[in-house]
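Engineer: Provided herewith: structure04.pdb, PDB, C-alpha atoms and all ligand atoms.
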ATOM      1  CA  MET A   1      -5.180 -23.143  -3.124
ATOM      2  CA  GLU A   2      -2.459 -24.206  -0.751
ATOM      3  CA  VAL A   3       0.103 -22.574   1.488
ATOM      4  CA  ARG A   4       3.673 -23.524   0.581
ATOM      5  CA  PRO A   5       6.964 -22.220   1.982
ATOM      6  CA  GLU A   6       7.235 -19.965  -1.082
ATOM      7  CA  GLY A   7       3.753 -18.538  -0.518
ATOM      8  CA  LEU A   8       0.130 -18.925  -1.599
ATOM      9  CA  TYR A   9      -0.016 -21.488  -4.424
ATOM     10  CA  CYS A  10      -2.756 -22.295  -6.934
ATOM     11  CA  ARG A  11      -2.217 -25.959  -7.790
ATOM     12  CA  PRO A  12      -4.332 -26.336 -10.980
ATOM     13  CA  GLY A  13      -2.773 -23.163 -12.409
ATOM     14  CA  ALA A  14       0.731 -23.970 -11.101
ATOM     15  CA  PHE A  15       1.356 -20.368  -9.998
ATOM     16  CA  TYR A  16       2.009 -18.417  -6.832
ATOM     17  CA  ILE A  17       0.439 -15.149  -5.757
ATOM     18  CA  ASP A  18       2.878 -12.644  -4.177
ATOM     19  CA  PRO A  19       5.399 -15.382  -3.257
ATOM     20  CA  SER A  20       8.090 -14.459  -0.757
ATOM     21  CA  ARG A  21      10.761 -16.441  -2.654
ATOM     22  CA  ALA A  22      11.698 -16.513  -6.317
ATOM     23  CA  VAL A  23       9.472 -18.967  -8.240
ATOM     24  CA  ASP A  24       8.791 -20.098 -11.800
ATOM     25  CA  ARG A  25       5.461 -18.289 -12.171
ATOM     26  CA  ALA A  26       4.279 -15.436  -9.955
ATOM     27  CA  LEU A  27       1.128 -13.336 -10.102
ATOM     28  CA  ILE A  28       1.789 -10.053  -8.284
ATOM     29  CA  THR A  29      -0.953  -7.932  -6.706
ATOM     30  CA  HIS A  30       1.092  -4.727  -6.359
ATOM     31  CA  GLY A  31       4.550  -3.215  -6.223
ATOM     32  CA  HIS A  32       5.290  -3.066  -2.464
ATOM     33  CA  ALA A  33       8.501  -4.921  -1.744
ATOM     34  CA  ASP A  34       6.977  -7.624   0.458
ATOM     35  CA  HIS A  35       4.497  -8.572  -2.297
ATOM     36  CA  ALA A  36       6.636  -7.982  -5.389
ATOM     37  CA  ARG A  37       9.935  -9.810  -4.944
ATOM     38  CA  PRO A  38      12.706  -9.852  -7.511
ATOM     39  CA  GLY A  39      13.976 -12.873  -9.411
ATOM     40  CA  HIS A  40      10.840 -14.728 -10.601
ATOM     41  CA  ARG A  41      11.017 -16.414 -14.006
ATOM     42  CA  ASN A  42       7.497 -15.412 -15.180
ATOM     43  CA  VAL A  43       5.715 -12.404 -13.721
ATOM     44  CA  LEU A  44       2.097 -11.531 -14.416
ATOM     45  CA  ALA A  45       0.978  -8.151 -13.047
ATOM     46  CA  THR A  46      -0.688  -4.913 -14.144
ATOM     47  CA  PRO A  47       1.439  -2.693 -16.452
ATOM     48  CA  GLU A  48       1.824  -0.223 -13.577
ATOM     49  CA  THR A  49       3.099  -2.895 -11.184
ATOM     50  CA  LEU A  50       5.526  -4.192 -13.820
ATOM     51  CA  ALA A  51       6.829  -0.651 -14.329
ATOM     52  CA  ILE A  52       7.265  -0.203 -10.571
ATOM     53  CA  MET A  53       9.181  -3.502 -10.385
ATOM     54  CA  ARG A  54      11.428  -2.353 -13.247
ATOM     55  CA  VAL A  55      12.185   0.901 -11.425
ATOM     56  CA  ARG A  56      13.021  -0.969  -8.231
ATOM     57  CA  TYR A  57      14.740  -4.107  -9.494
ATOM     58  CA  ALA A  58      15.905  -3.279 -13.039
ATOM     59  CA  GLU A  59      16.789  -6.559 -14.806
ATOM     60  CA  ARG A  60      16.002  -8.559 -11.646
ATOM     61  CA  ALA A  61      12.306  -7.637 -12.019
ATOM     62  CA  GLY A  62      11.791 -11.022 -13.690
ATOM     63  CA  GLU A  63      12.825 -12.935 -16.795
ATOM     64  CA  ARG A  64       9.503 -12.639 -18.571
ATOM     65  CA  LEU A  65       7.067  -9.868 -17.645
ATOM     66  CA  GLN A  66       3.494 -10.208 -18.841
ATOM     67  CA  PRO A  67       0.995  -7.353 -18.402
ATOM     68  CA  ALA A  68      -2.483  -8.019 -17.026
ATOM     69  CA  VAL A  69      -4.951  -5.231 -17.802
ATOM     70  CA  TYR A  70      -7.726  -4.645 -15.251
ATOM     71  CA  GLY A  71     -10.775  -6.711 -16.154
ATOM     72  CA  ASP A  72      -9.261  -8.716 -19.030
ATOM     73  CA  PRO A  73      -9.864 -12.419 -18.372
ATOM     74  CA  MET A  74      -7.179 -15.005 -19.133
ATOM     75  CA  THR A  75      -6.737 -18.704 -18.503
ATOM     76  CA  ILE A  76      -3.749 -20.324 -16.815
ATOM     77  CA  GLY A  77      -3.770 -24.113 -16.603
ATOM     78  CA  GLY A  78      -7.572 -24.214 -16.738
ATOM     79  CA  VAL A  79      -7.928 -21.533 -14.056
ATOM     80  CA  SER A  80      -9.682 -18.348 -15.146
ATOM     81  CA  VAL A  81      -7.720 -15.316 -13.905
ATOM     82  CA  ARG A  82      -8.741 -11.655 -13.818
ATOM     83  CA  PHE A  83      -7.087  -8.592 -12.239
ATOM     84  CA  VAL A  84      -9.458  -6.107 -10.579
ATOM     85  CA  PRO A  85      -8.559  -2.732  -8.934
ATOM     86  CA  ALA A  86      -7.694  -2.858  -5.217
ATOM     87  CA  GLY A  87      -7.467   0.902  -4.489
ATOM     88  CA  HIS A  88      -4.203   0.472  -2.540
ATOM     89  CA  VAL A  89      -1.452   2.031  -4.737
ATOM     90  CA  LEU A  90      -0.988   2.699  -8.470
ATOM     91  CA  GLY A  91      -1.640  -0.543 -10.366
ATOM     92  CA  SER A  92      -2.681  -2.509  -7.291
ATOM     93  CA  ALA A  93      -4.978  -5.409  -8.068
ATOM     94  CA  GLN A  94      -7.086  -8.100  -6.534
ATOM     95  CA  ILE A  95      -6.686 -11.372  -8.368
ATOM     96  CA  VAL A  96      -9.935 -13.181  -9.139
ATOM     97  CA  LEU A  97      -9.565 -16.934  -9.707
ATOM     98  CA  GLU A  98     -12.299 -19.225 -10.981
ATOM     99  CA  TYR A  99     -11.986 -22.975 -11.145
ATOM    100  CA  ALA A 100     -14.427 -25.885 -10.933
ATOM    101  CA  GLY A 101     -17.359 -23.595 -10.180
ATOM    102  CA  ALA A 102     -15.701 -21.788  -7.248
ATOM    103  CA  ARG A 103     -14.447 -18.217  -7.139
ATOM    104  CA  VAL A 104     -11.536 -17.096  -4.974
ATOM    105  CA  VAL A 105     -10.536 -13.428  -4.693
ATOM    106  CA  VAL A 106      -7.004 -12.697  -3.443
ATOM    107  CA  SER A 107      -7.267  -9.040  -2.529
ATOM    108  CA  GLY A 108      -3.601  -8.263  -1.829
ATOM    109  CA  ASP A 109      -3.547  -5.019   0.148
ATOM    110  CA  TYR A 110      -6.525  -2.735  -0.337
ATOM    111  CA  LYS A 111      -8.433   0.226   0.996
ATOM    112  CA  ARG A 112     -11.815   1.832   0.433
ATOM    113  CA  GLY A 113     -10.882   5.429   1.281
ATOM    114  CA  ASP A 114     -10.442   8.278  -1.150
ATOM    115  CA  ASP A 115      -7.221   8.218  -3.207
ATOM    116  CA  PRO A 116      -6.768  10.402  -6.311
ATOM    117  CA  THR A 117      -3.685   8.400  -7.368
ATOM    118  CA  CYS A 118      -5.165   4.967  -8.059
ATOM    119  CA  THR A 119      -8.252   3.179  -9.359
ATOM    120  CA  PRO A 120     -10.808   2.516  -6.581
ATOM    121  CA  PHE A 121     -11.413  -0.933  -5.074
ATOM    122  CA  GLU A 122     -14.070  -2.964  -6.825
ATOM    123  CA  PRO A 123     -15.907  -5.553  -4.704
ATOM    124  CA  VAL A 124     -16.233  -8.928  -6.457
ATOM    125  CA  PRO A 125     -18.685 -11.452  -4.968
ATOM    126  CA  CYS A 126     -16.859 -14.697  -4.236
ATOM    127  CA  ASP A 127     -16.826 -17.949  -2.282
ATOM    128  CA  VAL A 128     -13.437 -17.377  -0.671
ATOM    129  CA  PHE A 129     -12.057 -13.913   0.061
ATOM    130  CA  VAL A 130      -8.353 -13.732   0.894
ATOM    131  CA  THR A 131      -7.721 -10.553   2.861
ATOM    132  CA  GLU A 132      -4.934  -8.759   4.672
ATOM    133  CA  ALA A 133      -5.511  -7.527   8.221
ATOM    134  CA  THR A 134      -2.801  -4.906   8.700
ATOM    135  CA  PHE A 135      -5.222  -2.790  10.731
ATOM    136  CA  GLY A 136      -7.452  -5.656  11.836
ATOM    137  CA  LEU A 137      -8.274  -4.342  15.297
ATOM    138  CA  PRO A 138     -11.286  -2.235  16.288
ATOM    139  CA  VAL A 139      -8.968   0.523  17.558
ATOM    140  CA  PHE A 140      -7.909   1.241  13.986
ATOM    141  CA  ARG A 141     -10.429   3.595  12.416
ATOM    142  CA  HIS A 142      -8.832   5.935   9.926
ATOM    143  CA  PRO A 143     -10.133   9.519   9.809
ATOM    144  CA  ASP A 144     -10.859  11.388   6.573
ATOM    145  CA  PRO A 145      -7.411  12.038   5.011
ATOM    146  CA  ALA A 146      -8.533  15.519   3.905
ATOM    147  CA  GLY A 147      -8.779  16.469   7.585
ATOM    148  CA  GLU A 148      -5.244  15.200   8.231
ATOM    149  CA  ILE A 149      -3.900  17.197   5.273
ATOM    150  CA  LYS A 150      -5.635  20.244   6.710
ATOM    151  CA  ARG A 151      -3.762  19.705  10.008
ATOM    152  CA  LEU A 152      -0.481  19.709   8.074
ATOM    153  CA  LEU A 153      -1.361  22.944   6.287
ATOM    154  CA  GLU A 154      -2.404  24.523   9.589
ATOM    155  CA  SER A 155       0.938  23.605  11.125
ATOM    156  CA  MET A 156       2.747  25.155   8.149
ATOM    157  CA  ALA A 157       0.721  28.329   8.597
ATOM    158  CA  LEU A 158       1.417  28.345  12.335
ATOM    159  CA  PHE A 159       5.190  27.793  12.006
ATOM    160  CA  PRO A 160       6.009  29.543   8.742
ATOM    161  CA  GLU A 161       9.696  29.912   9.613
ATOM    162  CA  ARG A 162      10.192  26.169  10.146
ATOM    163  CA  SER A 163      10.464  23.625   7.357
ATOM    164  CA  HIS A 164       8.175  20.605   7.625
ATOM    165  CA  ALA A 165       9.753  17.165   7.161
ATOM    166  CA  LEU A 166       7.059  14.612   6.394
ATOM    167  CA  GLY A 167       7.798  10.881   6.478
ATOM    168  CA  THR A 168       5.989   9.085   3.665
ATOM    169  CA  TYR A 169       6.620   5.629   2.213
ATOM    170  CA  GLY A 170       7.960   5.769  -1.306
ATOM    171  CA  LEU A 171       5.297   3.864  -3.187
ATOM    172  CA  GLY A 172       1.761   5.119  -2.807
ATOM    173  CA  LYS A 173       1.814   7.229   0.347
ATOM    174  CA  THR A 174       4.128   9.888  -1.069
ATOM    175  CA  GLN A 175       2.091  10.397  -4.217
ATOM    176  CA  ARG A 176      -1.248  10.245  -2.408
ATOM    177  CA  VAL A 177      -0.168  12.882   0.105
ATOM    178  CA  ILE A 178       1.027  15.155  -2.714
ATOM    179  CA  ALA A 179      -2.236  14.685  -4.628
ATOM    180  CA  LEU A 180      -4.295  15.413  -1.505
ATOM    181  CA  LEU A 181      -2.222  18.554  -0.850
ATOM    182  CA  ARG A 182      -2.855  19.752  -4.410
ATOM    183  CA  ARG A 183      -6.553  19.118  -4.002
ATOM    184  CA  ALA A 184      -6.463  21.201  -0.794
ATOM    185  CA  GLY A 185      -4.980  24.070  -2.818
ATOM    186  CA  TYR A 186      -1.283  23.801  -1.853
ATOM    187  CA  ASP A 187       0.523  24.838  -5.026
ATOM    188  CA  ARG A 188       4.105  25.480  -3.869
ATOM    189  CA  THR A 189       6.972  23.241  -4.947
ATOM    190  CA  ILE A 190       7.149  20.105  -2.790
ATOM    191  CA  TYR A 191      10.710  18.898  -2.140
ATOM    192  CA  LEU A 192      11.598  15.225  -2.275
ATOM    193  CA  HIS A 193      14.267  13.038  -0.713
ATOM    194  CA  GLY A 194      16.193  11.353  -3.523
ATOM    195  CA  ALA A 195      14.619   7.952  -2.787
ATOM    196  CA  LEU A 196      11.174   9.291  -3.715
ATOM    197  CA  VAL A 197      11.982  10.933  -7.030
ATOM    198  CA  ALA A 198      11.812   7.978  -9.454
ATOM    199  CA  LEU A 199       8.439   6.662  -8.332
ATOM    200  CA  CYS A 200       6.905  10.144  -8.404
ATOM    201  CA  ALA A 201       8.102  10.467 -12.012
ATOM    202  CA  LEU A 202       6.576   7.065 -12.778
ATOM    203  CA  TYR A 203       3.194   8.090 -11.354
ATOM    204  CA  GLU A 204       3.258  11.146 -13.591
ATOM    205  CA  GLN A 205       4.093   8.961 -16.613
ATOM    206  CA  PHE A 206       0.965   6.961 -15.819
ATOM    207  CA  GLY A 207      -1.130  10.129 -15.816
ATOM    208  CA  VAL A 208      -1.221  11.036 -12.112
ATOM    209  CA  PRO A 209      -0.374  14.769 -11.918
ATOM    210  CA  LEU A 210       1.657  15.800  -8.850
ATOM    211  CA  GLY A 211       2.312  19.464  -9.638
ATOM    212  CA  ALA A 212       5.672  21.093  -8.933
ATOM    213  CA  VAL A 213       8.053  18.683  -7.208
ATOM    214  CA  ALA A 214      11.837  18.980  -6.955
ATOM    215  CA  PRO A 215      14.672  17.034  -5.330
ATOM    216  CA  ALA A 216      15.721  18.353  -1.915
ATOM    217  CA  THR A 217      19.258  17.149  -2.611
ATOM    218  CA  GLY A 218      21.675  19.997  -3.043
ATOM    219  CA  MET A 219      19.317  22.597  -1.592
ATOM    220  CA  LYS A 220      20.629  24.889   1.150
ATOM    221  CA  LYS A 221      19.121  24.867   4.632
ATOM    222  CA  ALA A 222      17.945  28.423   4.239
ATOM    223  CA  ASP A 223      16.217  27.615   0.948
ATOM    224  CA  LEU A 224      14.240  24.807   2.539
ATOM    225  CA  ALA A 225      13.004  26.847   5.498
ATOM    226  CA  ARG A 226       9.262  27.468   5.014
ATOM    227  CA  GLU A 227       9.083  24.479   2.656
ATOM    228  CA  LEU A 228       7.582  21.008   2.813
ATOM    229  CA  VAL A 229      10.055  18.170   2.368
ATOM    230  CA  LEU A 230       8.978  14.554   1.923
ATOM    231  CA  ALA A 231      11.327  11.713   2.849
ATOM    232  CA  PRO A 232      11.066   7.989   3.626
ATOM    233  CA  PRO A 233      10.326   7.452   7.348
ATOM    234  CA  SER A 234      13.714   5.741   7.727
ATOM    235  CA  ALA A 235      15.498   8.849   6.447
ATOM    236  CA  ILE A 236      13.683  11.022   8.937
ATOM    237  CA  ALA A 237      14.566   8.654  11.770
ATOM    238  CA  ASP A 238      18.144   8.725  10.438
ATOM    239  CA  ARG A 239      18.343  12.404  11.197
ATOM    240  CA  TRP A 240      18.442  13.070   7.509
ATOM    241  CA  ALA A 241      16.125  15.873   8.585
ATOM    242  CA  ARG A 242      19.090  17.606  10.254
ATOM    243  CA  ARG A 243      19.878  19.211   6.957
ATOM    244  CA  LEU A 244      16.658  21.160   7.461
ATOM    245  CA  ALA A 245      16.296  24.241   9.592
ATOM    246  CA  ASP A 246      14.549  23.347  12.873
ATOM    247  CA  PRO A 247      12.037  21.115  11.074
ATOM    248  CA  VAL A 248       8.590  20.112  12.286
ATOM    249  CA  VAL A 249       8.851  16.318  12.003
ATOM    250  CA  ALA A 250       5.642  14.794  10.690
ATOM    251  CA  ALA A 251       4.682  11.318   9.467
ATOM    252  CA  ALA A 252       1.762  10.012   7.413
ATOM    253  CA  SER A 253       0.804   6.465   8.330
ATOM    254  CA  GLY A 254      -2.049   4.411   9.710
ATOM    255  CA  TRP A 255       0.270   3.561  12.602
ATOM    256  CA  MET A 256       0.152   7.181  13.719
ATOM    257  CA  ARG A 257      -3.090   6.197  15.433
ATOM    258  CA  VAL A 258      -0.770   4.648  18.037
ATOM    259  CA  ARG A 259       0.643   7.518  20.045
ATOM    260  CA  GLN A 260       3.592   5.451  21.251
ATOM    261  CA  ARG A 261       4.755   4.851  17.677
ATOM    262  CA  ALA A 262       4.732   8.550  16.921
ATOM    263  CA  LYS A 263       6.686   9.280  20.078
ATOM    264  CA  GLN A 264       9.297   6.591  19.367
ATOM    265  CA  GLY A 265       9.833   7.977  15.895
ATOM    266  CA  GLY A 266      10.260  11.504  17.233
ATOM    267  CA  VAL A 267       7.182  12.560  15.312
ATOM    268  CA  GLU A 268       5.794  15.885  16.421
ATOM    269  CA  LEU A 269       2.922  15.960  13.950
ATOM    270  CA  PRO A 270       1.423  12.484  13.383
ATOM    271  CA  LEU A 271      -0.993  12.283  10.441
ATOM    272  CA  ILE A 272      -3.234   9.227  10.248
ATOM    273  CA  ILE A 273      -3.245   8.524   6.530
ATOM    274  CA  SER A 274      -3.360   4.869   5.586
ATOM    275  CA  ASP A 275      -3.339   2.957   2.322
ATOM    276  CA  HIS A 276      -4.792  -0.089   4.074
ATOM    277  CA  ALA A 277      -8.385  -0.791   5.017
ATOM    278  CA  ASP A 278      -9.228   0.082   8.600
ATOM    279  CA  TRP A 279     -11.338  -2.166  10.847
ATOM    280  CA  ASN A 280     -14.641  -0.857   9.462
ATOM    281  CA  GLU A 281     -13.498  -1.146   5.852
ATOM    282  CA  LEU A 282     -12.321  -4.726   6.380
ATOM    283  CA  LEU A 283     -15.695  -5.776   7.806
ATOM    284  CA  ARG A 284     -17.692  -3.798   5.244
ATOM    285  CA  THR A 285     -15.714  -5.345   2.390
ATOM    286  CA  ILE A 286     -16.109  -8.899   3.672
ATOM    287  CA  ASP A 287     -19.821  -8.213   3.936
ATOM    288  CA  GLU A 288     -20.049  -6.828   0.394
ATOM    289  CA  VAL A 289     -18.233  -9.711  -1.282
ATOM    290  CA  GLU A 290     -20.513 -12.168   0.573
ATOM    291  CA  ALA A 291     -17.753 -14.748   0.926
ATOM    292  CA  SER A 292     -18.612 -17.807   2.988
ATOM    293  CA  GLU A 293     -14.916 -18.243   3.774
ATOM    294  CA  VAL A 294     -12.407 -15.542   4.673
ATOM    295  CA  TRP A 295      -8.695 -16.339   4.688
ATOM    296  CA  VAL A 296      -6.411 -13.845   6.381
ATOM    297  CA  THR A 297      -2.879 -13.484   5.016
ATOM    298  CA  HIS A 298      -1.045 -10.987   7.187
ATOM    299  CA  GLY A 299      -1.585  -8.494   9.952
ATOM    300  CA  ARG A 300      -3.768  -8.868  13.045
ATOM    301  CA  GLU A 301      -5.509 -12.118  12.173
ATOM    302  CA  GLU A 302      -7.168 -13.143  15.448
ATOM    303  CA  ALA A 303      -9.628 -10.297  15.960
ATOM    304  CA  LEU A 304     -10.694 -10.263  12.321
ATOM    305  CA  ILE A 305     -11.245 -14.021  12.235
ATOM    306  CA  LEU A 306     -13.361 -13.814  15.360
ATOM    307  CA  ALA A 307     -15.449 -10.996  13.869
ATOM    308  CA  VAL A 308     -15.861 -12.952  10.636
ATOM    309  CA  GLU A 309     -17.012 -16.036  12.515
ATOM    310  CA  LEU A 310     -19.544 -13.967  14.427
ATOM    311  CA  GLN A 311     -20.998 -13.065  11.011
ATOM    312  CA  GLY A 312     -21.497 -16.787  10.352
ATOM    313  CA  ARG A 313     -18.546 -17.172   7.966
ATOM    314  CA  VAL A 314     -15.588 -19.501   8.145
ATOM    315  CA  GLY A 315     -12.333 -17.712   9.043
ATOM    316  CA  ARG A 316      -8.821 -19.037   8.551
ATOM    317  CA  ALA A 317      -5.348 -17.651   9.258
ATOM    318  CA  LEU A 318      -2.985 -18.525   6.419
ATOM    319  CA  ASN A 319       0.203 -17.748   8.362
ATOM    320  CA  LEU A 320       2.121 -16.809   5.255
ATOM    321  CA  LEU A 321       5.689 -15.810   5.897
ATOM    322  CA  GLY A 322       7.610 -12.905   4.504
ATOM    323  CA  TYR A 323       5.129 -10.045   4.716
ATOM    324  CA  ASP A 324       6.325  -6.950   6.449
ATOM    325  CA  GLU A 325       3.308  -5.128   7.750
ATOM    326  CA  GLU A 326       4.944  -1.743   7.592
ATOM    327  CA  SER A 327       6.862  -1.824   4.354
ATOM    328  CA  GLY A 328       4.069  -0.205   2.434
ATOM    329  CA  GLU A 329       2.229   1.635   5.095
TER     330      GLU A 329
HETATM  331 ZN    ZN B 401       0.907  -6.101   2.435
HETATM  332 ZN    ZN B 402       0.999  -2.983   0.033
END
Mind turning the file's structure into structure tokens?
Structural biologist:
Amino acid sequence: MEVRPEGLYCRPGAFYIDPSRAVDRALITHGHADHARPGHRNVLATPETLAIMRVRYAERAGERLQPAVYGDPMTIGGVSVRFVPAGHVLGSAQIVLEYAGARVVVSGDYKRGDDPTCTPFEPVPCDVFVTEATFGLPVFRHPDPAGEIKRLLESMALFPERSHALGTYGLGKTQRVIALLRRAGYDRTIYLHGALVALCALYEQFGVPLGAVAPATGMKKADLARELVLAPPSAIADRWARRLADPVVAAASGWMRVRQRAKQGGVELPLIISDHADWNELLRTIDEVEASEVWVTHGREEALILAVELQGRVGRALNLLGYDEESGE
């Protein structure tokens, strides 16, 4: 494996994993924009990830799209390749590579917490584990998401005359929050900013039920009072929420652990719901896969590498360019 300007490159297989520039052959871990870029010639990814790329990029999703079903082994240039669930968003995968007696697992983004909308993470023992470190600091410990959903429902009960505008990223967070609300018994229609509609429909096509959802577009202020409206965080910051009647502004993100971030975003009700592993999950996962080497791709590398080295493993920062820590969070 080597780090090239385009991204992480497997030389014997002549392919990149999640490259940040268009390449001849790309293996894609999941559909977030900083991992799945448009314009590659050959794309290998799970059927769900390919579908997400088609929704987002249309014909620019790639010239040739090849599906990789979880667990099915294949060989590329003598390298054995297998996609394994990562528990991050629908279709997210770790990519397991075996070559010359060594096994490398590129985990993409992952989490270990409960998520009704995607297949849970599966630890694969390996020699080298390539991990993200979005929340790679001991301060980041994510609470049980069910408790955060309960806080949202309590706020809605407390302020029944105000609409609630909840900032959720379009791929993964939106659908997970809806699924968690349904599990908590919330059965009213949930209204969606236009940017969230297509991916919610795609989740449903792949068998993830979201209950009654409807576009917020075209609804009157008065009709949205008392309702829950989901929108991308950027739209909420954009005062898109002004179309709502005196909304309670909420956001669901791992970053909501940082009070300052919530304040800057004008978030009155911060919910700590993350689709990335927290500090404990990162360490637990590294322990479970028993890797002697841990390579860190993006996020807070230093603290995680130090912790890994204290466990007697070799740690390495890959310094890959082009990952936006917040695009999927
Ligand atoms: Zn990422
Ligand atoms: Zn991601």
Engineer: Could you jot down the CA of Gln66 (chain A) to CA of His35 (chain A) separation for me, Å, one decimal place?
Structural biologist: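 Separation of CA of Gln66 (chain A) and CA of His35 (chain A): 16.7 Å.
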Engineer: Can you pull out every residue with an atom within 8 Å of ligand ZN 402 (chain B)? Use all atoms listed in the file and format it as a list in words.
Structural biologist: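 Every residue with an atom at most 8 Å from ligand ZN 402 (chain B) is listed here: His30, Gly31, His32, Ala33, Asp34, His35, His88, Val89, Gly108, Asp109, Tyr110, Asp275, His276, Ser327, Gly328 and Glu329 of chain A.
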Engineer: Return the single residue from A:Met74, A:Cys200, A:Leu90, A:Leu321 that is closest to Arg4 (chain A), with distances computed using all atoms listed in the file.
Structural biologist: A:Leu321
Engineer: Starting from the PyMOL selection byres (((chain A and resi 188) around 9) and not hetatm), expand the selection into actual residues of this file and give them as a PyMOL selection string.
Structural biologist: chain A and resi 186-187+189-190+211-213+227-228
Engineer: Determine the nearest neighbour of ligand ZN 401 (chain B) from the options A:Ala198, A:Val229, A:Val106, A:Ala214, counting all atoms listed in the file.
Structural biologist: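 Looking only at the distances to ligand ZN 401 (chain B), the closest residue turns out to be A:Val106.
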Engineer: Would you mind telling me which residue in A:Lys111, A:Arg226, A:Lys263, A:His142 lies nearest to ligand ZN 401 (chain B) when using only C-alpha atoms and all ligand atoms?
Structural biologist: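 Result for the nearest residue to ligand ZN 401 (chain B): A:Lys111.
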Engineer: Given the point (-2.9, -21.5, -13.3) in the coordinates of this file, which residues lie within 12 Å, counting all atoms listed in the file, and how would they look as a list of chain:residue names?
Structural biologist: A:Met1, A:Tyr9, A:Cys10, A:Arg11, A:Pro12, A:Gly13, A:Ala14, A:Phe15, A:Tyr16, A:Ile17, A:Asp24, A:Arg25, A:Ala26, A:Leu27, A:Leu44, A:Met74, A:Thr75, A:Ile76, A:Gly77, A:Gly78, A:Val79, A:Ser80, A:Val81, A:Arg82, A:Ile95, A:Val96, A:Leu97, A:Glu98, A:Tyr99
Engineer: Excluding Gln311 (chain A) and residues on its chain fewer than 6 positions from it, collect all residues at most 12 Å away from it, counting only C-alpha atoms, and give them as an NGL selection string.
Structural biologist: :A and (283-284 or 286-287 or 290-294 or 304-305)
Engineer: Would you please work out which residue, of A:Pro123, A:Ser274, A:Pro160, A:Arg243, is nearest to Lys173 (chain A) when using only C-alpha atoms?
Structural biologist: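 Nearest to Lys173 (chain A): A:Ser274.
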Engineer: Please, what distance in Å, to one decimal, runs between CA of Pro73 (chain A) and CA of Ala51 (chain A)?
Structural biologist: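 Value for the CA of Pro73 (chain A)-CA of Ala51 (chain A) distance: 20.8 Å.
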Engineer: On this file, the PyMOL selection byres (((chain A and resi 87) around 10) and not hetatm) gives some set of residues; write that set as a list of chain:residue names.
Structural biologist: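 When the PyMOL selection byres (((chain A and resi 87) around 10) and not hetatm) is applied to the shown file, the picked residues are A:Val84, A:Pro85, A:Ala86, A:His88, A:Val89, A:Leu90, A:Gly91, A:Ser92, A:Ala93, A:Gln94, A:Asp109, A:Tyr110, A:Lys111, A:Arg112, A:Gly113, A:Asp114, A:Asp115, A:Pro116, A:Thr117, A:Cys118, A:Thr119, A:Pro120, A:Phe121, A:Glu122, A:Asp275, A:His276, A:Ala277.
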Engineer: Of the residues A:Asp18, A:Asp223, A:Glu2, A:Asp127, which is the one nearest to ligand ZN 401 (chain B), using only C-alpha atoms and all ligand atoms?
Structural biologist: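 Closest to ligand ZN 401 (chain B), using only C-alpha atoms and all ligand atoms: A:Asp18.
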Engineer: For a test of reading the model, state the distance in Å between CA of Asp278 (chain A) and atom ZN of ligand ZN 401 (chain B), rounded to one decimal.
Structural biologist: 13.4 Å
Engineer: List every protein, DNA or RNA residue that has at least one atom no more than 12 Å from (-7.6, 12.9, 11.0) in the file's coordinates, counting only C-alpha atoms, and write the result as a ChimeraX atom specification.
Structural biologist: /A:141-152,252-254,256-257,269-274
Engineer: Which of these, A:Leu202, A:Ala61, A:Val289, A:Val55, has the shortest distance to Ala36 (chain A) once you count only C-alpha atoms?
Structural biologist: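 Among the listed residues, the smallest separation from Ala36 (chain A) belongs to A:Ala61.
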Engineer: Skip region 166-169 of chain A itself and residues of its chain fewer than 6 positions away, then list as a ChimeraX atom specification all residues within 6 Å of it, counting all atoms listed in the file.
Structural biologist: /A:230-233,250-252
Engineer: What residues come out when you apply the PyMOL selection byres (((chain A and resi 237) around 10) and not hetatm) to this file, written as a PyMOL selection string?
Structural biologist: chain A and resi 167+231-236+238-241+249+264-267
Engineer: Could you write out as AutoDock Vina command-line options the box around region 15-34 of chain A (axis-aligned, all atoms listed in the file, 4 Å on each side), with centre and edge lengths in Å to one decimal?
Structural biologist:
--center_x 5.4 --center_y -11.7 --center_z -5.9 --size_x 20.7 --size_y 25.3 --size_z 20.6
Engineer: Would you pick out the contacts of Val69 (chain A) at 9 Å or less, using all atoms listed in the file, so that residues sharing its chain but fewer than 2 positions from it are not included, and give the list as JSON, numbers by chain?
Structural biologist: {"A": [45, 46, 47, 67, 71, 72, 73, 82, 83, 84]}
Engineer: Can you list, as number ranges by chain, every protein, DNA or RNA residue that comes within 7 Å of region 296-301 of chain A when you count all atoms listed in the file, leaving out same-chain residues fewer than 4 positions away?
Structural biologist: A: 130-137, 305, 316-320, 323, 325
